[in-house]
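Enquirer: First, the structure itself, so that you have it in front of you.
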Amino acid sequence: MTRIITSFIDGEFQPAEGARLFDKRSPVDGRVIARIAEAPQAEVDRAVRAARAALRGDWSRMTVEQRAAMLHAVADEITRRFDDFVAAEMADTGQPSHVMTHVFIPRGAANFKIFADVVKNVPTESFRMDTPDGRGALNYAIRKPKGVIGVICPWNAPFLLMTWKLGPALACGNTVVVKPSEETPLTAALLGEVMAKVGVPKGVYNVVNGFGPKSTGEFVTTHPQVDAITFTGETRTGTAIMKAAAEGLRDVSFELGGKNAGIVFADADFDAAVDGIFRSAFLNTGQVCLGTERVYVERPIFERFRDALKAKVEAVKYGRPEDHASTYGPLISQEHRDKVLGYYQRAVDEGATVVTGGGVPDMPADLKGGCWVQPTIWTGLKDDASVVREEIFGPCCHLRPFDSEDEVVALANDNVYGLSTTIWTQHLARAHRMAERIEVGITWINAWFLRDLRTPFGGSKQSGIGREGGVHSLEFYTETRNVCVKL
Ligand code: NAD
Ligand code: 6OD
């Protein structure tokens with residue numbers, strides 16, 4: 001029988017009777033793997049009220065130490081149920097098991113641990129001031145939870161990205177109403193089981209499922225009792241959510257789209273650069289916000305680099321995620337596949353040379369219903385081609401030669417997005433100089449997606465608002481208040 005995923009509110013999964021259900025299909029073969037109950041306005045309202053009530057219950061009476069210990073217990077339970085999380089995320093996304101076991105699921109547990117530790121160790125400021133009577137005064141700051149946080153999540157790395165918001169939100173003493181992507185509901189539901197098992201007070205973690213506009217997502221973001229909204233997803237959606245948040249002047253934290261530049265100098269460690277760019281363009285079938293769909297290669301090594309990257313791309317192994325030989329998965333949905341294939345066609349129309357890929361692979365009969373596309377490399381596009389300017393969010397990149405540092409900095413910055421860049425060179429003085437000049441939130445030098453969770457993470461320009469990570473997350477998930485004591 002097909003499993004039904006319902007909302008998790010006030011510590012309980014909701015009954016499925018009477019719910020409006022929609023299908024969750026496997027990206028691998030198109031089979032229906034679950035049916036999801038779309039939470040209507042009234043159910044979102046119950047979730048928000050549960051979260052509000054929990055702000056005044058046992059959760060609010062816990063010491064920081066007790067809350068941090070509870071989040072460590074959540075992390076430990078995720079680790080104990082590691083295989084269940086891997087299976088759920090593989091079913092939702094179709095991505096290979098090694099990506100789940102090495103990257104995405106371990107980060108779930110790490111996201112709870114790091115912020116449990118941060119809140120215990122971050123001081124607040126104090127200022128001693130002079131006063132006319134000579135006795136002075138002491139100011140000190142205290143941090144308070146912001147309240148009920150609406151957490152709106154995307155589908156591309158569902159568990160990593162959801163827990164990246166939940167870890168700090170809960171560590172700071174907030175309660176949450178999470179809206180997972182309609183494409184990837186499974187790990188958020190599993191986390192409900194974990195929260196209940198560990199004894200996280202009812203109403204602290206709530207999940208409502210459904211779509212975005214005119215559906216569950218919008219019901220969360222427009223709810224007047226939601227105090228702040230943290231969102232990861234497309235820039236266009238961020239604009240809609242910001243409008244919703246303007247009502248009631250609620251705070252937002254946004255991690256949005258990107259069209260990131262990978263930059264390879266001729267002096268780079270060649271093999272490391274090819275590996276790095278291969279990962280940055282094709283990991284997770286290119287569905288990573290930090291991915292490099294624009295790759296600039298210094299002219300003397302351009303052709304050699306193109307050929308080496310092509311060889312790696314042509315060696316990917318398509319297959320089911322649980323087959324350990326698979327290195328490459330499908331896109332998330334047929335809708336997203338149509339979008340990516342639309343760009344594949346547009347690249348040809350805009351005059352690209354297709355180095356490899358550009359279409360649909362010939363899959364075995366049992367996988368034909370999946371959302372497969374070929375990993376693709378282009379060259380020869382003009383800098384103003386839409387394929388070079390717009391986020392595709394697929395397994396593809398355009399390679400373009402460059403001749404000077406100034407030229408490549410200008411090319412990298414010539415975009416409305418500013419999320420990340422990866423620079424490959426042995427000339428570290430130049431790399432540091434470029435890091436100052438490229439308008440992005442995150443620069444990697446001779447690395448990509450190497451994450452220290454204490455560092456500021458977020459985008460410049462249209463790639464985001466705010467920074468999360470380490471103490472930066474506390475700026476969003478707490479309200480700092482000043483206390484002034486006359487001495
Ligand atoms: P999306 O914006 O389509 O959807 C994200 C979430 O928002 C989903 O849960 C969706 O249901 C909800 N939503 C959509 N419209 C809404 C509305 N009007 N009101 C409330 N909720 C609404 O994004 P996606 O397709 O799921 O994810 C891919 C995008 O996310 C890409 O653009 C990618 O670059 C971006 N992303 C950015 C980062 C980052 O850290 N900067 C990380 C991952 C993904
Ligand atoms: O590593 C992270 O914390 C993070 N937010 C990664 C985002 C990946 C985007 O697809």
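Note on naming: chains are A, B, ... as they come in the structure tokens, residues start from 1 per chain, ligands start from 1 in the order shown.
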Any idea what's packed within 8 Å of stretch 378-390 of chain A, counting only C-alpha atoms, ignoring anything in its chain fewer than 3 positions away? Could you give it as a list in words?
Expert: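 The contact residues come out as Lys259, Glu293, Arg294, Tyr343, Arg346, Ala347, Glu350, Gly351, Ala352, Thr353, Val354, Val355, Thr356, Cys396, Cys397, His398, Leu399, Arg400 and Asn415 of chain A.
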Enquirer: For ligand 2, return the neighbouring residues as a PDB file with N, CA and C atoms, in the first residue's frame (distance at most 9 Å; only C-alpha atoms and all ligand atoms).
Expert:
```pdb
ATOM      1  N   ARG A 107      25.593  15.728   7.469  1.00  0.00           N
ATOM      2  CA  ARG A 107      25.439  17.155   7.776  1.00  0.00           C
ATOM      3  C   ARG A 107      24.194  17.421   8.620  1.00  0.00           C
ATOM      4  N   ASN A 111      24.576  19.626  11.830  1.00  0.00           N
ATOM      5  CA  ASN A 111      23.873  20.912  11.945  1.00  0.00           C
ATOM      6  C   ASN A 111      23.264  21.105  13.334  1.00  0.00           C
ATOM      7  N   PRO A 154      13.788  23.917   0.150  1.00  0.00           N
ATOM      8  CA  PRO A 154      13.812  23.482  -1.244  1.00  0.00           C
ATOM      9  C   PRO A 154      14.004  21.964  -1.327  1.00  0.00           C
ATOM     10  N   ASN A 156      16.567  20.384  -3.225  1.00  0.00           N
ATOM     11  CA  ASN A 156      17.813  19.878  -3.830  1.00  0.00           C
ATOM     12  C   ASN A 156      18.741  19.169  -2.853  1.00  0.00           C
ATOM     13  N   ALA A 157      18.735  19.569  -1.583  1.00  0.00           N
ATOM     14  CA  ALA A 157      19.475  18.827  -0.549  1.00  0.00           C
ATOM     15  C   ALA A 157      18.594  18.932   0.692  1.00  0.00           C
ATOM     16  N   LEU A 160      19.868  18.322   4.549  1.00  0.00           N
ATOM     17  CA  LEU A 160      20.964  19.240   4.892  1.00  0.00           C
ATOM     18  C   LEU A 160      20.426  20.664   5.056  1.00  0.00           C
ATOM     19  N   LEU A 161      19.611  21.085   4.077  1.00  0.00           N
ATOM     20  CA  LEU A 161      19.195  22.488   4.075  1.00  0.00           C
ATOM     21  C   LEU A 161      18.138  22.776   5.132  1.00  0.00           C
ATOM     22  N   MET A 162      17.274  21.786   5.422  1.00  0.00           N
ATOM     23  CA  MET A 162      16.274  21.990   6.479  1.00  0.00           C
ATOM     24  C   MET A 162      16.960  22.064   7.848  1.00  0.00           C
ATOM     25  N   TRP A 164      20.000  22.784   8.534  1.00  0.00           N
ATOM     26  CA  TRP A 164      20.875  23.966   8.593  1.00  0.00           C
ATOM     27  C   TRP A 164      20.118  25.160   9.182  1.00  0.00           C
ATOM     28  N   LYS A 165      18.804  25.181   9.023  1.00  0.00           N
ATOM     29  CA  LYS A 165      17.952  26.225   9.605  1.00  0.00           C
ATOM     30  C   LYS A 165      17.425  25.792  10.975  1.00  0.00           C
ATOM     31  N   THR A 232      15.108  28.962   1.838  1.00  0.00           N
ATOM     32  CA  THR A 232      16.105  28.613   0.826  1.00  0.00           C
ATOM     33  C   THR A 232      15.352  28.218  -0.425  1.00  0.00           C
ATOM     34  N   GLY A 233      15.708  28.835  -1.533  1.00  0.00           N
ATOM     35  CA  GLY A 233      15.030  28.499  -2.785  1.00  0.00           C
ATOM     36  C   GLY A 233      15.329  29.534  -3.844  1.00  0.00           C
ATOM     37  N   GLU A 255      18.440  32.335   1.457  1.00  0.00           N
ATOM     38  CA  GLU A 255      19.525  31.734   0.661  1.00  0.00           C
ATOM     39  C   GLU A 255      18.919  31.401  -0.697  1.00  0.00           C
ATOM     40  N   LEU A 256      19.375  32.109  -1.727  1.00  0.00           N
ATOM     41  CA  LEU A 256      18.659  32.088  -3.010  1.00  0.00           C
ATOM     42  C   LEU A 256      19.520  31.515  -4.139  1.00  0.00           C
ATOM     43  N   GLY A 257      19.169  31.857  -5.345  1.00  0.00           N
ATOM     44  CA  GLY A 257      19.802  31.247  -6.510  1.00  0.00           C
ATOM     45  C   GLY A 257      21.227  31.708  -6.764  1.00  0.00           C
ATOM     46  N   ASN A 284      25.222  15.959  -7.502  1.00  0.00           N
ATOM     47  CA  ASN A 284      23.771  16.076  -7.288  1.00  0.00           C
ATOM     48  C   ASN A 284      23.056  16.427  -8.603  1.00  0.00           C
ATOM     49  N   GLN A 287      22.314  20.039  -9.262  1.00  0.00           N
ATOM     50  CA  GLN A 287      21.268  20.740  -8.494  1.00  0.00           C
ATOM     51  C   GLN A 287      21.828  21.190  -7.143  1.00  0.00           C
ATOM     52  N   VAL A 288      22.827  22.045  -7.207  1.00  0.00           N
ATOM     53  CA  VAL A 288      23.453  22.607  -6.010  1.00  0.00           C
ATOM     54  C   VAL A 288      23.552  24.109  -6.248  1.00  0.00           C
ATOM     55  N   CYS A 289      23.068  24.876  -5.286  1.00  0.00           N
ATOM     56  CA  CYS A 289      23.053  26.332  -5.493  1.00  0.00           C
ATOM     57  C   CYS A 289      24.459  26.883  -5.698  1.00  0.00           C
ATOM     58  N   LEU A 290      25.463  26.178  -5.129  1.00  0.00           N
ATOM     59  CA  LEU A 290      26.855  26.632  -5.189  1.00  0.00           C
ATOM     60  C   LEU A 290      27.551  26.156  -6.469  1.00  0.00           C
ATOM     61  N   GLY A 291      26.832  25.439  -7.304  1.00  0.00           N
ATOM     62  CA  GLY A 291      27.405  24.823  -8.506  1.00  0.00           C
ATOM     63  C   GLY A 291      27.922  25.855  -9.500  1.00  0.00           C
ATOM     64  N   PHE A 449      32.799  23.657  -1.932  1.00  0.00           N
ATOM     65  CA  PHE A 449      31.836  23.080  -0.986  1.00  0.00           C
ATOM     66  C   PHE A 449      32.561  22.430   0.200  1.00  0.00           C
ATOM     67  N   LEU A 450      33.664  23.065   0.606  1.00  0.00           N
ATOM     68  CA  LEU A 450      34.371  22.612   1.804  1.00  0.00           C
ATOM     69  C   LEU A 450      33.833  23.492   2.925  1.00  0.00           C
ATOM     70  N   ARG A 451      33.097  22.886   3.871  1.00  0.00           N
ATOM     71  CA  ARG A 451      32.294  23.690   4.781  1.00  0.00           C
ATOM     72  C   ARG A 451      32.775  23.603   6.225  1.00  0.00           C
ATOM     73  N   ASP A 452      33.070  24.760   6.798  1.00  0.00           N
ATOM     74  CA  ASP A 452      33.271  24.880   8.235  1.00  0.00           C
ATOM     75  C   ASP A 452      32.016  25.607   8.724  1.00  0.00           C
ATOM     76  N   LEU A 453      31.233  24.939   9.565  1.00  0.00           N
ATOM     77  CA  LEU A 453      29.892  25.451   9.868  1.00  0.00           C
ATOM     78  C   LEU A 453      29.913  26.677  10.780  1.00  0.00           C
ATOM     79  N   PHE A 457      27.742  32.089   5.920  1.00  0.00           N
ATOM     80  CA  PHE A 457      27.302  31.478   4.664  1.00  0.00           C
ATOM     81  C   PHE A 457      26.116  32.283   4.148  1.00  0.00           C
ATOM     82  N   GLY A 458      26.184  32.692   2.881  1.00  0.00           N
ATOM     83  CA  GLY A 458      25.064  33.421   2.292  1.00  0.00           C
ATOM     84  C   GLY A 458      25.496  34.091   1.015  1.00  0.00           C
ATOM     85  N   GLU A 468      24.097  33.042   7.536  1.00  0.00           N
ATOM     86  CA  GLU A 468      23.898  32.057   8.599  1.00  0.00           C
ATOM     87  C   GLU A 468      25.202  31.298   8.776  1.00  0.00           C
ATOM     88  N   GLY A 469      25.295  30.567   9.890  1.00  0.00           N
ATOM     89  CA  GLY A 469      26.539  29.858  10.197  1.00  0.00           C
ATOM     90  C   GLY A 469      27.127  30.417  11.478  1.00  0.00           C
TER      91      GLY A 469
END
```
Enquirer: If you run DSSP on the backbone here, which positions in stretch 38-158 of chain A get alpha helix (DSSP H)? Please write them as a PyMOL selection string.
Expert: chain A and resi 41-54+58-61+64-80+82-93+97-99+105-121+158
Enquirer: Please provide as a PyMOL selection string all residues within 9 Å of A:Val440, with the sequence filter that same-chain residues fewer than 2 positions apart are discarded (counting only C-alpha atoms).
Expert: chain A and resi 260+413+417-421+435+437-438+442-443+458-461+463
Enquirer: Just want the 6 Å neighbourhood of A:Val207, counted on only C-alpha atoms, with same-chain residues fewer than 6 positions away dropped. Output as a PDB file with N, CA and C atoms, in the first residue's frame.
Expert:
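Contents of out15.pdb, freshly written:
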```
ATOM      1  N   SER A   7       0.901  15.939   7.963  1.00  0.00           N
ATOM      2  CA  SER A   7       1.572  16.956   8.790  1.00  0.00           C
ATOM      3  C   SER A   7       1.935  16.387  10.155  1.00  0.00           C
ATOM      4  N   PHE A   8       2.955  16.973  10.764  1.00  0.00           N
ATOM      5  CA  PHE A   8       3.367  16.615  12.136  1.00  0.00           C
ATOM      6  C   PHE A   8       3.140  17.869  12.977  1.00  0.00           C
ATOM      7  N   VAL A 177       7.734  26.033  12.366  1.00  0.00           N
ATOM      8  CA  VAL A 177       6.783  25.380  11.460  1.00  0.00           C
ATOM      9  C   VAL A 177       7.530  25.237  10.143  1.00  0.00           C
ATOM     10  N   VAL A 178       7.818  23.983   9.792  1.00  0.00           N
ATOM     11  CA  VAL A 178       8.618  23.698   8.600  1.00  0.00           C
ATOM     12  C   VAL A 178       7.699  23.350   7.438  1.00  0.00           C
ATOM     13  N   LYS A 179       8.005  23.919   6.273  1.00  0.00           N
ATOM     14  CA  LYS A 179       7.294  23.517   5.049  1.00  0.00           C
ATOM     15  C   LYS A 179       8.342  22.945   4.106  1.00  0.00           C
TER      16      LYS A 179
END
```
Enquirer: Measuring between only C-alpha atoms, which one of A:Gly276, A:Gly248, A:Pro123, A:Gly147 shows the shortest distance to A:Asn446?
Expert: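 Closest to A:Asn446 of all the choices is A:Gly276.
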Enquirer: Would you work out the distance separating atom CA of A:Pro15 from atom 1 (P, counted along the ligand's line) of ligand 1, expressed in Å to one decimal?
Expert: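 About the pair atom CA of A:Pro15 and atom 1 (P, counted along the ligand's line) of ligand 1: they are 27.3 Å apart.
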Enquirer: Contacts of A:Arg279 at 10 Å or less, counting only C-alpha atoms, minus same-chain residues fewer than 4 places along, as a PDB file with all heavy atoms, in the first residue's frame?
Expert:
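Result file result_24.pdb:
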```pdb
ATOM      1  N   ALA A 273      42.088  20.594 -10.289  1.00  0.00           N
ATOM      2  CA  ALA A 273      41.133  21.563 -10.846  1.00  0.00           C
ATOM      3  C   ALA A 273      40.054  20.854 -11.664  1.00  0.00           C
ATOM      4  O   ALA A 273      38.867  21.186 -11.577  1.00  0.00           O
ATOM      5  CB  ALA A 273      41.874  22.586 -11.706  1.00  0.00           C
ATOM      6  N   VAL A 274      40.462  19.867 -12.444  1.00  0.00           N
ATOM      7  CA  VAL A 274      39.460  19.131 -13.239  1.00  0.00           C
ATOM      8  C   VAL A 274      38.483  18.419 -12.290  1.00  0.00           C
ATOM      9  O   VAL A 274      37.264  18.497 -12.459  1.00  0.00           O
ATOM     10  CB  VAL A 274      40.142  18.117 -14.189  1.00  0.00           C
ATOM     11  CG1 VAL A 274      39.099  17.243 -14.897  1.00  0.00           C
ATOM     12  CG2 VAL A 274      40.996  18.845 -15.220  1.00  0.00           C
ATOM     13  N   ASP A 275      39.030  17.759 -11.267  1.00  0.00           N
ATOM     14  CA  ASP A 275      38.160  17.079 -10.288  1.00  0.00           C
ATOM     15  C   ASP A 275      37.227  18.072  -9.601  1.00  0.00           C
ATOM     16  O   ASP A 275      36.044  17.807  -9.422  1.00  0.00           O
ATOM     17  CB  ASP A 275      38.996  16.427  -9.173  1.00  0.00           C
ATOM     18  CG  ASP A 275      39.552  15.092  -9.618  1.00  0.00           C
ATOM     19  OD1 ASP A 275      39.216  14.652 -10.729  1.00  0.00           O
ATOM     20  OD2 ASP A 275      40.334  14.504  -8.836  1.00  0.00           O
ATOM     21  N   LEU A 283      27.910  17.431  -9.291  1.00  0.00           N
ATOM     22  CA  LEU A 283      27.430  16.777  -8.058  1.00  0.00           C
ATOM     23  C   LEU A 283      25.918  16.991  -7.944  1.00  0.00           C
ATOM     24  O   LEU A 283      25.424  18.078  -8.241  1.00  0.00           O
ATOM     25  CB  LEU A 283      28.130  17.367  -6.824  1.00  0.00           C
ATOM     26  CG  LEU A 283      27.696  16.750  -5.493  1.00  0.00           C
ATOM     27  CD1 LEU A 283      28.401  15.414  -5.263  1.00  0.00           C
ATOM     28  CD2 LEU A 283      27.985  17.676  -4.315  1.00  0.00           C
ATOM     29  N   ASN A 284      25.222  15.959  -7.502  1.00  0.00           N
ATOM     30  CA  ASN A 284      23.771  16.076  -7.288  1.00  0.00           C
ATOM     31  C   ASN A 284      23.056  16.427  -8.603  1.00  0.00           C
ATOM     32  O   ASN A 284      22.047  17.130  -8.605  1.00  0.00           O
ATOM     33  CB  ASN A 284      23.489  17.152  -6.220  1.00  0.00           C
ATOM     34  CG  ASN A 284      22.276  16.838  -5.375  1.00  0.00           C
ATOM     35  OD1 ASN A 284      21.976  15.672  -5.089  1.00  0.00           O
ATOM     36  ND2 ASN A 284      21.565  17.865  -4.944  1.00  0.00           N
ATOM     37  N   THR A 285      23.660  15.958  -9.707  1.00  0.00           N
ATOM     38  CA  THR A 285      23.125  16.236 -11.047  1.00  0.00           C
ATOM     39  C   THR A 285      22.998  17.757 -11.266  1.00  0.00           C
ATOM     40  O   THR A 285      22.039  18.252 -11.886  1.00  0.00           O
ATOM     41  CB  THR A 285      21.782  15.489 -11.261  1.00  0.00           C
ATOM     42  OG1 THR A 285      21.930  14.164 -10.747  1.00  0.00           O
ATOM     43  CG2 THR A 285      21.430  15.354 -12.729  1.00  0.00           C
ATOM     44  N   GLY A 286      23.983  18.474 -10.733  1.00  0.00           N
ATOM     45  CA  GLY A 286      24.041  19.924 -10.958  1.00  0.00           C
ATOM     46  C   GLY A 286      23.033  20.719 -10.136  1.00  0.00           C
ATOM     47  O   GLY A 286      22.934  21.936 -10.284  1.00  0.00           O
ATOM     48  N   GLY A 291      26.832  25.439  -7.304  1.00  0.00           N
ATOM     49  CA  GLY A 291      27.405  24.823  -8.506  1.00  0.00           C
ATOM     50  C   GLY A 291      27.922  25.855  -9.500  1.00  0.00           C
ATOM     51  O   GLY A 291      27.529  27.018  -9.486  1.00  0.00           O
ATOM     52  N   THR A 292      28.825  25.403 -10.367  1.00  0.00           N
ATOM     53  CA  THR A 292      29.449  26.331 -11.321  1.00  0.00           C
ATOM     54  C   THR A 292      28.952  26.035 -12.738  1.00  0.00           C
ATOM     55  O   THR A 292      29.460  25.144 -13.401  1.00  0.00           O
ATOM     56  CB  THR A 292      30.987  26.200 -11.297  1.00  0.00           C
ATOM     57  OG1 THR A 292      31.316  24.831 -11.489  1.00  0.00           O
ATOM     58  CG2 THR A 292      31.552  26.675  -9.989  1.00  0.00           C
ATOM     59  N   VAL A 313      33.161  13.485 -17.468  1.00  0.00           N
ATOM     60  CA  VAL A 313      31.696  13.537 -17.593  1.00  0.00           C
ATOM     61  C   VAL A 313      31.196  12.282 -18.314  1.00  0.00           C
ATOM     62  O   VAL A 313      30.173  11.694 -17.937  1.00  0.00           O
ATOM     63  CB  VAL A 313      31.281  14.823 -18.344  1.00  0.00           C
ATOM     64  CG1 VAL A 313      29.848  14.744 -18.829  1.00  0.00           C
ATOM     65  CG2 VAL A 313      31.473  16.030 -17.436  1.00  0.00           C
ATOM     66  N   TRP A 448      36.037  23.328  -3.245  1.00  0.00           N
ATOM     67  CA  TRP A 448      34.634  23.685  -3.511  1.00  0.00           C
ATOM     68  C   TRP A 448      33.754  22.964  -2.496  1.00  0.00           C
ATOM     69  O   TRP A 448      33.984  21.778  -2.216  1.00  0.00           O
ATOM     70  CB  TRP A 448      34.236  23.282  -4.948  1.00  0.00           C
ATOM     71  CG  TRP A 448      32.782  23.570  -5.232  1.00  0.00           C
ATOM     72  CD1 TRP A 448      32.231  24.798  -5.506  1.00  0.00           C
ATOM     73  CD2 TRP A 448      31.704  22.620  -5.262  1.00  0.00           C
ATOM     74  NE1 TRP A 448      30.872  24.662  -5.697  1.00  0.00           N
ATOM     75  CE2 TRP A 448      30.527  23.344  -5.557  1.00  0.00           C
ATOM     76  CE3 TRP A 448      31.618  21.236  -5.087  1.00  0.00           C
ATOM     77  CZ2 TRP A 448      29.274  22.727  -5.664  1.00  0.00           C
ATOM     78  CZ3 TRP A 448      30.379  20.629  -5.185  1.00  0.00           C
ATOM     79  CH2 TRP A 448      29.221  21.364  -5.478  1.00  0.00           C
ATOM     80  N   PHE A 449      32.799  23.657  -1.932  1.00  0.00           N
ATOM     81  CA  PHE A 449      31.836  23.080  -0.986  1.00  0.00           C
ATOM     82  C   PHE A 449      32.561  22.430   0.200  1.00  0.00           C
ATOM     83  O   PHE A 449      32.146  21.389   0.696  1.00  0.00           O
ATOM     84  CB  PHE A 449      30.949  22.052  -1.701  1.00  0.00           C
ATOM     85  CG  PHE A 449      29.574  21.871  -1.082  1.00  0.00           C
ATOM     86  CD1 PHE A 449      28.598  21.135  -1.749  1.00  0.00           C
ATOM     87  CD2 PHE A 449      29.246  22.425   0.155  1.00  0.00           C
ATOM     88  CE1 PHE A 449      27.337  20.947  -1.210  1.00  0.00           C
ATOM     89  CE2 PHE A 449      27.980  22.246   0.705  1.00  0.00           C
ATOM     90  CZ  PHE A 449      27.024  21.503   0.024  1.00  0.00           C
TER      91      PHE A 449
END
```
Enquirer: Find the residues around stretch 85-88 of chain A up to 10 Å (only C-alpha atoms counted), leave out those fewer than 6 positions away in its own chain, and share them as an NGL selection string.
Expert: :A and (78-79 or 94 or 96-101 or 104-106 or 108 or 159 or 184-191 or 321-322)
Enquirer: Grab the residues selected above and save them as a PDB file, in the first residue's frame with N, CA and C atoms.
Expert:
```pdb
ATOM      1  N   ILE A  78      19.598  10.722  14.966  1.00  0.00           N
ATOM      2  CA  ILE A  78      19.727  10.744  13.487  1.00  0.00           C
ATOM      3  C   ILE A  78      20.827   9.764  13.082  1.00  0.00           C
ATOM      4  N   THR A  79      21.927   9.789  13.825  1.00  0.00           N
ATOM      5  CA  THR A  79      23.047   8.896  13.490  1.00  0.00           C
ATOM      6  C   THR A  79      22.638   7.434  13.698  1.00  0.00           C
ATOM      7  N   GLY A  94      16.552  10.543  -5.569  1.00  0.00           N
ATOM      8  CA  GLY A  94      17.144   9.651  -6.571  1.00  0.00           C
ATOM      9  C   GLY A  94      18.652   9.761  -6.670  1.00  0.00           C
ATOM     10  N   PRO A  96      22.690   9.237  -5.783  1.00  0.00           N
ATOM     11  CA  PRO A  96      23.438   8.028  -5.397  1.00  0.00           C
ATOM     12  C   PRO A  96      23.713   7.928  -3.902  1.00  0.00           C
ATOM     13  N   SER A  97      23.808   6.695  -3.426  1.00  0.00           N
ATOM     14  CA  SER A  97      23.959   6.470  -1.983  1.00  0.00           C
ATOM     15  C   SER A  97      25.220   7.141  -1.436  1.00  0.00           C
ATOM     16  N   HIS A  98      26.313   7.187  -2.223  1.00  0.00           N
ATOM     17  CA  HIS A  98      27.548   7.752  -1.656  1.00  0.00           C
ATOM     18  C   HIS A  98      27.391   9.245  -1.375  1.00  0.00           C
ATOM     19  N   VAL A  99      26.563   9.935  -2.160  1.00  0.00           N
ATOM     20  CA  VAL A  99      26.323  11.367  -1.903  1.00  0.00           C
ATOM     21  C   VAL A  99      25.561  11.525  -0.586  1.00  0.00           C
ATOM     22  N   MET A 100      24.621  10.608  -0.367  1.00  0.00           N
ATOM     23  CA  MET A 100      23.834  10.666   0.876  1.00  0.00           C
ATOM     24  C   MET A 100      24.698  10.333   2.085  1.00  0.00           C
ATOM     25  N   THR A 101      25.477   9.246   1.962  1.00  0.00           N
ATOM     26  CA  THR A 101      26.191   8.761   3.152  1.00  0.00           C
ATOM     27  C   THR A 101      27.398   9.649   3.490  1.00  0.00           C
ATOM     28  N   PHE A 104      25.262  14.478   2.476  1.00  0.00           N
ATOM     29  CA  PHE A 104      24.009  15.123   2.866  1.00  0.00           C
ATOM     30  C   PHE A 104      23.472  14.676   4.232  1.00  0.00           C
ATOM     31  N   ILE A 105      23.516  13.400   4.537  1.00  0.00           N
ATOM     32  CA  ILE A 105      22.901  12.956   5.801  1.00  0.00           C
ATOM     33  C   ILE A 105      23.812  13.253   7.012  1.00  0.00           C
ATOM     34  N   PRO A 106      25.135  13.036   6.924  1.00  0.00           N
ATOM     35  CA  PRO A 106      25.965  13.403   8.083  1.00  0.00           C
ATOM     36  C   PRO A 106      25.821  14.871   8.465  1.00  0.00           C
ATOM     37  N   GLY A 108      23.184  16.541   8.499  1.00  0.00           N
ATOM     38  CA  GLY A 108      21.974  16.729   9.311  1.00  0.00           C
ATOM     39  C   GLY A 108      22.333  16.687  10.786  1.00  0.00           C
ATOM     40  N   PHE A 159      17.441  17.423   3.463  1.00  0.00           N
ATOM     41  CA  PHE A 159      17.723  17.239   4.892  1.00  0.00           C
ATOM     42  C   PHE A 159      18.825  18.189   5.355  1.00  0.00           C
ATOM     43  N   THR A 184       9.996  16.721  -1.806  1.00  0.00           N
ATOM     44  CA  THR A 184      10.873  15.957  -0.898  1.00  0.00           C
ATOM     45  C   THR A 184      10.386  16.014   0.561  1.00  0.00           C
ATOM     46  N   PRO A 185       9.307  15.290   0.842  1.00  0.00           N
ATOM     47  CA  PRO A 185       8.735  15.386   2.202  1.00  0.00           C
ATOM     48  C   PRO A 185       9.277  14.361   3.200  1.00  0.00           C
ATOM     49  N   LEU A 186      10.075  13.373   2.749  1.00  0.00           N
ATOM     50  CA  LEU A 186      10.281  12.188   3.585  1.00  0.00           C
ATOM     51  C   LEU A 186      11.163  12.414   4.808  1.00  0.00           C
ATOM     52  N   THR A 187      12.297  13.117   4.651  1.00  0.00           N
ATOM     53  CA  THR A 187      13.186  13.245   5.817  1.00  0.00           C
ATOM     54  C   THR A 187      12.600  14.177   6.884  1.00  0.00           C
ATOM     55  N   ALA A 188      11.789  15.143   6.476  1.00  0.00           N
ATOM     56  CA  ALA A 188      11.157  16.023   7.485  1.00  0.00           C
ATOM     57  C   ALA A 188      10.189  15.205   8.333  1.00  0.00           C
ATOM     58  N   ALA A 189       9.501  14.248   7.694  1.00  0.00           N
ATOM     59  CA  ALA A 189       8.573  13.384   8.441  1.00  0.00           C
ATOM     60  C   ALA A 189       9.359  12.473   9.386  1.00  0.00           C
ATOM     61  N   LEU A 190      10.436  11.916   8.881  1.00  0.00           N
ATOM     62  CA  LEU A 190      11.270  11.029   9.715  1.00  0.00           C
ATOM     63  C   LEU A 190      11.822  11.799  10.925  1.00  0.00           C
ATOM     64  N   LEU A 191      12.148  13.046  10.701  1.00  0.00           N
ATOM     65  CA  LEU A 191      12.674  13.844  11.814  1.00  0.00           C
ATOM     66  C   LEU A 191      11.602  14.043  12.898  1.00  0.00           C
ATOM     67  N   PRO A 321      19.889   4.696  -7.115  1.00  0.00           N
ATOM     68  CA  PRO A 321      20.739   5.230  -6.052  1.00  0.00           C
ATOM     69  C   PRO A 321      21.308   4.161  -5.139  1.00  0.00           C
ATOM     70  N   GLU A 322      20.537   3.093  -4.908  1.00  0.00           N
ATOM     71  CA  GLU A 322      21.016   2.083  -3.962  1.00  0.00           C
ATOM     72  C   GLU A 322      22.062   1.155  -4.588  1.00  0.00           C
TER      73      GLU A 322
END
```
Enquirer: Hey, what's within 7 Å of A:Val74 if we count only C-alpha atoms and toss same-chain stuff fewer than 3 positions away? As a PyMOL selection string, please?
Expert: chain A and resi 70-71+77-78+194-195+198
Enquirer: From the DSSP assignment of the backbone, select every residue of stretch 210-339 of chain A that is strand (DSSP E or B), and format the answer as a ChimeraX atom specification.
Expert: /A:228-232,251-255,261-264,294-298,318,328
Enquirer: Please determine, counting only C-alpha atoms and all ligand atoms, which residue among A:Val316, A:Ile332, A:Ile142, A:Val408 has the shortest atom-to-atom distance to ligand 1.
Expert: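 Between A:Val316, A:Ile332, A:Ile142, A:Val408, the residue approaching ligand 1 most closely is A:Ile332.
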